[in-house]
Amino acid sequence: KLTGIKLAPALRTIGRYAFQDCANLKKVETSRGLKFIEASAFYGCRNLETFIFAESVKLIGEHAFHNCESLKEVILYNEVSSIRECAFYNCRSLTKVELNCPLTEISIGCFSFCSSLKEIKLPDSVRKIGQDAFNYSGLETIYIGSRIKQIDYGAFTSTNLHTIYINCPNPPEASGYMVNYGAKKFITVHVPKGCKGSYQQHQYWRTFNIVDDL
């Protein structure tokens, strides 16, 4: 019964479905040299608690860690340029996410149903938060950088979100159902000093509680 893996430095790619449904797998340690974790590579590894990402990883494929219900933290480094859709879907024990990488998009369903994830700071490079990116997560607070342009439908629905920090002077375009209906009046949005007016004049953002103190 496979419970732990330490991958060799020569390995460049973990292929599609490579360890899918390895129910007893608890720890994976990767080595510098690994670049690609492909689609569904660890899908359904329900007891996987620890995954040590190498600093060389560039891509995490769609559904790569879907249903890894015991995974506790995700720490990514500067080389990661893409996390595909539903990569960490239903990682319900996930409490810590550090995205130390130049991502431009949080993909569709990326952290959906991560019910223990209460706070996240997105890289300043992020321009788009995709559909259902955090829906049904435990998210309470999110930090969004200065380059954000778009937040899609359902990104924060069915969460406990009460505080948004957006360090962007221009209000990003947002779907009318970015958060649950009626939830906006209970959410405080912190924006850069002097920018309260632009948010209050925006058709979508004006009904949030806007504070310009960043």
# chains A, B, ... in the order shown; residues from 1 in each chain; ligands from 1
>>> select_by_dssp(residues="segment 75-183 of chain A", states="strand (DSSP E)", output="number ranges by chain")
A: 75-76, 82-83, 96-99, 105-106, 119-121, 128-129, 141-144, 150-151, 163-166, 173-174
>>> residues_around(residues="segment 53-68 of chain A", least_positions_apart="3", cutoff="6 Å", atoms="only C-alpha atoms", output="PyMOL selection string")
chain A and resi 30-46+71+77+79-91
>>> write_last_selection(atoms="C-alpha atoms", output="compact mmCIF listing (two decimals), in the first residue's frame")
# COMPACT_ATOMS: atom_id res chain seq x y z
CA THR A 30 8.79 16.55 -5.23
CA SER A 31 12.29 17.56 -6.28
CA ARG A 32 13.58 20.57 -8.18
CA GLY A 33 13.29 19.66 -11.83
CA LEU A 34 9.59 18.85 -11.78
CA LYS A 35 7.76 21.24 -14.11
CA PHE A 36 4.31 19.86 -14.90
CA ILE A 37 1.61 18.23 -12.79
CA GLU A 38 -0.93 17.15 -15.36
CA ALA A 39 -4.70 16.78 -15.24
CA SER A 40 -6.17 14.59 -12.48
CA ALA A 41 -2.69 13.44 -11.44
CA PHE A 42 -3.77 13.05 -7.79
CA TYR A 43 -7.53 13.10 -8.24
CA GLY A 44 -9.31 11.36 -5.39
CA CYS A 45 -6.27 10.84 -3.14
CA ARG A 46 -8.52 11.41 -0.15
CA LEU A 71 -4.62 18.19 1.95
CA TYR A 77 6.64 29.39 -5.95
CA GLU A 79 7.76 29.51 -11.59
CA VAL A 80 4.03 28.64 -11.49
CA SER A 81 2.28 30.45 -14.33
CA SER A 82 -0.94 28.46 -14.59
CA ILE A 83 -3.31 26.63 -12.27
CA ARG A 84 -6.05 25.06 -14.38
CA GLU A 85 -9.73 24.71 -13.61
CA CYS A 86 -10.88 22.83 -10.50
CA ALA A 87 -7.26 22.06 -9.58
CA PHE A 88 -8.00 22.09 -5.83
CA TYR A 89 -11.73 21.45 -5.94
CA ASN A 90 -13.12 20.00 -2.70
CA CYS A 91 -9.84 20.09 -0.79
>>> select_by_dssp(residues="chain A", states="alpha helix (DSSP H)", output="ChimeraX atom specification")
/A:196-200
>>> residues_around(residues="segment 126-138 of chain A", least_positions_apart="6", cutoff="7 Å", atoms="only C-alpha atoms", output="PyMOL selection string")
chain A and resi 103-118+145+147-160
>>> closest_residue(among="A:Val74, A:Val189, A:Cys22, A:Cys195", to="Asn209 of chain A", atoms="only C-alpha atoms")
A:Val189
>>> residues_around(residues="Ser70 of chain A", least_positions_apart="2", cutoff="8 Å", atoms="only C-alpha atoms", output="list of chain:residue names")
A:Arg46, A:Asn47, A:Leu48, A:Glu49, A:Cys68, A:Lys72, A:Cys91, A:Arg92, A:Ser93, A:Leu94
>>> residues_around(residues="Ile164 of chain A", least_positions_apart="2", cutoff="7 Å", atoms="only C-alpha atoms", output="ChimeraX atom specification")
/A:141-143,162,166,188-190
>>> atom_distance(atom1="atom CA of Glu140 of chain A", atom2="atom CA of Glu119 of chain A")
6.0 Å
>>> residues_around(residues="Asp212 of chain A", least_positions_apart="6", cutoff="8 Å", atoms="only C-alpha atoms", output="number ranges by chain")
A: 190-196
>>> write_last_selection(atoms="all heavy atoms", output="mmCIF file, in the first residue's frame")
data_model
loop_
_atom_site.group_PDB
_atom_site.id
_atom_site.type_symbol
_atom_site.label_atom_id
_atom_site.label_comp_id
_atom_site.auth_asym_id
_atom_site.auth_seq_id
_atom_site.Cartn_x
_atom_site.Cartn_y
_atom_site.Cartn_z
ATOM 1 N N HIS A 190 -12.491 47.241 1.074
ATOM 2 C CA HIS A 190 -11.449 48.234 1.323
ATOM 3 C C HIS A 190 -10.753 48.544 0.003
ATOM 4 O O HIS A 190 -10.277 47.624 -0.683
ATOM 5 C CB HIS A 190 -10.440 47.706 2.348
ATOM 6 C CG HIS A 190 -11.037 47.440 3.691
ATOM 7 N ND1 HIS A 190 -10.955 48.341 4.740
ATOM 8 C CD2 HIS A 190 -11.741 46.369 4.167
ATOM 9 C CE1 HIS A 190 -11.571 47.842 5.792
ATOM 10 N NE2 HIS A 190 -12.053 46.649 5.481
ATOM 11 N N VAL A 191 -10.678 49.830 -0.348
ATOM 12 C CA VAL A 191 -10.093 50.258 -1.622
ATOM 13 C C VAL A 191 -9.049 51.342 -1.350
ATOM 14 O O VAL A 191 -8.962 51.870 -0.238
ATOM 15 C CB VAL A 191 -11.190 50.760 -2.583
ATOM 16 C CG1 VAL A 191 -12.231 49.681 -2.831
ATOM 17 C CG2 VAL A 191 -11.853 52.032 -2.046
ATOM 18 N N PRO A 192 -8.239 51.709 -2.359
ATOM 19 C CA PRO A 192 -7.218 52.743 -2.149
ATOM 20 C C PRO A 192 -7.828 54.097 -1.752
ATOM 21 O O PRO A 192 -8.953 54.430 -2.148
ATOM 22 C CB PRO A 192 -6.522 52.834 -3.510
ATOM 23 C CG PRO A 192 -6.745 51.496 -4.139
ATOM 24 C CD PRO A 192 -8.102 51.082 -3.692
ATOM 25 N N LYS A 193 -7.063 54.836 -0.983
ATOM 26 C CA LYS A 193 -7.509 56.166 -0.556
ATOM 27 C C LYS A 193 -7.840 57.036 -1.767
ATOM 28 O O LYS A 193 -7.117 57.054 -2.757
ATOM 29 C CB LYS A 193 -6.424 56.832 0.290
ATOM 30 C CG LYS A 193 -6.224 56.176 1.653
ATOM 31 C CD LYS A 193 -5.117 56.846 2.451
ATOM 32 C CE LYS A 193 -4.943 56.164 3.810
ATOM 33 N NZ LYS A 193 -3.846 56.769 4.607
ATOM 34 N N GLY A 194 -8.961 57.732 -1.655
ATOM 35 C CA GLY A 194 -9.390 58.606 -2.730
ATOM 36 C C GLY A 194 -10.195 57.930 -3.816
ATOM 37 O O GLY A 194 -10.617 58.578 -4.781
ATOM 38 N N CYS A 195 -10.431 56.622 -3.690
ATOM 39 C CA CYS A 195 -11.126 55.871 -4.748
ATOM 40 C C CYS A 195 -12.545 55.454 -4.367
ATOM 41 O O CYS A 195 -13.213 54.748 -5.123
ATOM 42 C CB CYS A 195 -10.314 54.626 -5.134
ATOM 43 S SG CYS A 195 -8.704 55.024 -5.833
ATOM 44 N N LYS A 196 -12.986 55.862 -3.203
ATOM 45 C CA LYS A 196 -14.320 55.470 -2.740
ATOM 46 C C LYS A 196 -15.396 55.897 -3.732
ATOM 47 O O LYS A 196 -16.323 55.133 -4.032
ATOM 48 C CB LYS A 196 -14.578 56.084 -1.364
ATOM 49 C CG LYS A 196 -15.908 55.685 -0.744
ATOM 50 C CD LYS A 196 -16.025 56.244 0.680
ATOM 51 C CE LYS A 196 -17.330 55.819 1.329
ATOM 52 N NZ LYS A 196 -17.417 56.276 2.746
#
>>> atom_distance(atom1="atom CA of Lys185 of chain A", atom2="atom CA of Phe208 of chain A")
5.2 Å
>>> atom_distance(atom1="atom CA of Lys1 of chain A", atom2="atom CA of Leu25 of chain A")
8.1 Å
